[in-house]
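Below: one structure, written as structure tokens.
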Amino acid sequence: MSDYLTEENSADTVNARMGKSTNPRLRRVMHSMVEHLHAFIKDVEPTQDEWEVAIDFLTRTGQISSDRRQEYILLSDVLGVSMLVDAINHRRPDGATENTVFGPFHVDGAPRRSMGDSISLDGKGELCLYTGRVIDLDGQPIAGATVDVWSDNADGYYDVQQPGEQPEWNNRGVFTTGADGSYRFVGIKPVSYPIPNDGPVGQMLEKVERHPWRPAHMHFLVSADGHEQIVTHIFVAGDTYLQSDAVFGVKDSLIVKYRRMPDADTPWSAEFDFVMKPV
Ligand code: BEZ
Ligand code: FE
């Protein structure tokens, strides 16, 4: 093979440069990445101008990213890659609760609250009683499990998107299950909202005629010793965007029918059990 790169040998020529003692996993990853990238370029045959648009897009994606915003993760989300990586890494037995996308709005250190407490601090939205149990694959309760929850407010924004406007820790809380594995808290019936779409990812969605909306959901991060952590949401059944979630996070098993509660303190209730797989 010629040492010089040609259109025909391009991927092999690049891969042949890798050193013999390159870490085997890195070698495998780089080899495949170069092969697929070159195949993609040969498939698409970009013009020089088109390639510059791609470089500019990636440059702007990096430039808008900061400690508070991760545009590359958002890009991975809208391309379905975050959900694919999650699916590969969290293959679970039937009956175990499925994962979905983590999203950028979790905050470590949310207040620990007592069972039954409300996480809604801004007085907006329709209140909903959330109940259920954390159990293992045999249906046995898991005591001492941590249930970390967060949602947008009734205007469709997380507290961290509106500092100074929403109370700190609005619609967030951490609960610990007791002996029966149950949890119980009051939140709101969440509303659908657009993912951050004022950057390059938003522009890309617009160009390909995709909307930025996510169907209404409540986030849950459920952890317990000896069990695989669950990163998931429950979705509100009937939401307009269930079939077209901008980040492909919806799974059938996570759609919950919110029930009207005519005579209760909260107008809505939602029930969901989390079934954890041992590690
Ligand atoms: C979220 O559900 O909070 C979310 C997930 C992915 C991208 C943006 C937001
Ligand atoms: Fe969310």
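By convention in this document, the chains of the structure tokens carry letters A, B, ... by their order, each chain's residues are numbered from 1, and ligands are numbered from 1 in the order they are shown.
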If you take only C-alpha atoms and all ligand atoms and a cut-off of 10 Å, which residues of chain A touch ligand 1, and what are their nearest atom pairs and distances in Å to one decimal, in chain and number order, as CSV?
```
residue,atom,partner,partner_atom_place_in_ligand_line,distance
A:Gln70,CA,ligand 1,7 (C),9.7
A:Glu71,CA,ligand 1,7 (C),9.5
A:Ile73,CA,ligand 1,7 (C),7.8
A:Leu74,CA,ligand 1,7 (C),5.6
A:Leu75,CA,ligand 1,7 (C),8.8
A:Ser76,CA,ligand 1,7 (C),9.2
A:Asp77,CA,ligand 1,6 (C),6.0
A:Val78,CA,ligand 1,7 (C),7.7
A:Ser82,CA,ligand 1,6 (C),8.9
A:Met83,CA,ligand 1,6 (C),9.9
A:Thr100,CA,ligand 1,5 (C),9.0
A:Val101,CA,ligand 1,5 (C),5.9
A:Phe102,CA,ligand 1,5 (C),6.0
A:Gly103,CA,ligand 1,5 (C),3.4
A:Pro104,CA,ligand 1,9 (C),5.7
A:Phe105,CA,ligand 1,3 (O),5.3
A:His106,CA,ligand 1,3 (O),7.6
A:Trp150,CA,ligand 1,3 (O),8.8
A:Ser151,CA,ligand 1,3 (O),7.6
A:Asp152,CA,ligand 1,3 (O),8.0
A:Tyr157,CA,ligand 1,3 (O),9.5
A:Tyr158,CA,ligand 1,3 (O),8.1
A:Ser192,CA,ligand 1,2 (O),9.7
A:Tyr193,CA,ligand 1,9 (C),8.8
A:Pro194,CA,ligand 1,9 (C),8.0
A:Ile195,CA,ligand 1,8 (C),4.7
A:Pro196,CA,ligand 1,8 (C),6.7
A:Asn197,CA,ligand 1,8 (C),9.5
A:Pro212,CA,ligand 1,8 (C),9.1
A:Trp213,CA,ligand 1,8 (C),9.2
A:Arg214,CA,ligand 1,2 (O),7.1
A:Pro215,CA,ligand 1,2 (O),8.8
A:Ala216,CA,ligand 1,2 (O),8.8
A:His217,CA,ligand 1,2 (O),7.4
A:Met218,CA,ligand 1,2 (O),8.4
A:His219,CA,ligand 1,2 (O),7.2
A:Thr232,CA,ligand 1,2 (O),9.4
A:His233,CA,ligand 1,2 (O),8.1
A:Asp245,CA,ligand 1,6 (C),9.6
A:Ala246,CA,ligand 1,7 (C),8.0
A:Val247,CA,ligand 1,6 (C),5.9
A:Phe248,CA,ligand 1,6 (C),9.0
A:Gly249,CA,ligand 1,5 (C),7.9
```
Using DSSP on the backbone coordinates, identify the residues of range 34-86 of chain A assigned to alpha helix (DSSP H); present them as a PyMOL selection string. chain A and resi 34-44+48-63+71-78+81-86
Taking into account only C-alpha atoms and all ligand atoms, which residue in the set A:Gly132, A:Pro24, A:Gly139, A:Pro190 is nearest to ligand 2?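 Smallest distance to ligand 2 is found for A:Pro190.
Distances here use only C-alpha atoms and all ligand atoms; by that measure, the residue among A:Gly226, A:Pro163, A:Pro267, A:Gly156 closest to ligand 2 is A:Gly156.
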Which residues are near range 29-35 of chain A? Cut-off 12 Å, only C-alpha atoms, ignore same chain within fewer than 4 positions. Put them as an MDAnalysis selection string. chainID A and resid 9:19 22:25 39:42
Using only C-alpha atoms, determine which residues lie at most 12 Å from Glu271 in chain A, disregarding the query and same-chain residues fewer than 3 positions distant; provide the list as number ranges by chain. A: 128-134, 182-186, 218, 234-236, 254-259, 268, 274
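Closest approach to Gly109 in chain A from the set A:Asp122, A:Asp148, A:Glu206, A:Asp138 is made by A:Asp148, with distances taken over only C-alpha atoms.
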Would you work out the distance separating CA of Trp169 in chain A from CA of Gly187 in chain A, expressed in Å to one decimal?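 Answer for the CA of Trp169 in chain A to CA of Gly187 in chain A separation: 12.3 Å.
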Compile the contact shell of range 60-69 of chain A as a ChimeraX atom specification: residues with an atom at most 9 Å away, counting only C-alpha atoms, same-chain residues fewer than 3 positions apart removed. /A:55-57,72,75,104,199-201
Can you spit out the residues from that selection as a PDB file, in the first residue's frame, using C-alpha atoms?
```
ATOM      1  CA  ILE A  55     -16.478  22.896  11.171  1.00  0.00           C
ATOM      2  CA  ASP A  56     -18.182  26.184  12.049  1.00  0.00           C
ATOM      3  CA  PHE A  57     -21.101  24.280  13.622  1.00  0.00           C
ATOM      4  CA  TYR A  72     -22.299  18.678  22.907  1.00  0.00           C
ATOM      5  CA  LEU A  75     -26.252  17.451  20.315  1.00  0.00           C
ATOM      6  CA  PRO A 104     -28.834  18.931  32.002  1.00  0.00           C
ATOM      7  CA  GLY A 199     -27.661  27.810  20.208  1.00  0.00           C
ATOM      8  CA  PRO A 200     -26.267  25.791  17.301  1.00  0.00           C
ATOM      9  CA  VAL A 201     -28.273  22.670  18.207  1.00  0.00           C
TER      10      VAL A 201
END
```
Among range 46-254 of chain A, which residues does DSSP mark as strand (DSSP E or B) when it is run on the backbone? Keep the chain and numbering as in the structure and answer as a ChimeraX atom specification. /A:112,118,127-136,141,146-150,163,166,172-176,182-188,193-194,213-214,217-223,227,230-236
The residue from A:Glu228, A:Asp159, A:Asp136, A:Glu8 with the smallest atom-to-atom distance to ligand 2, counting only C-alpha atoms and all ligand atoms, is A:Asp159
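Every protein, DNA or RNA residue with an atom at most 7 Å from Val275 in chain A, where only C-alpha atoms count and chain neighbours fewer than 3 positions away do not, is listed here: Gly95, Ala96, Thr97, Val134, Ile135, Asp136 and Leu137 of chain A.
The gap separating CA of Asp43 in chain A from CA of Val81 in chain A is 20.5 Å, in Å to one decimal.
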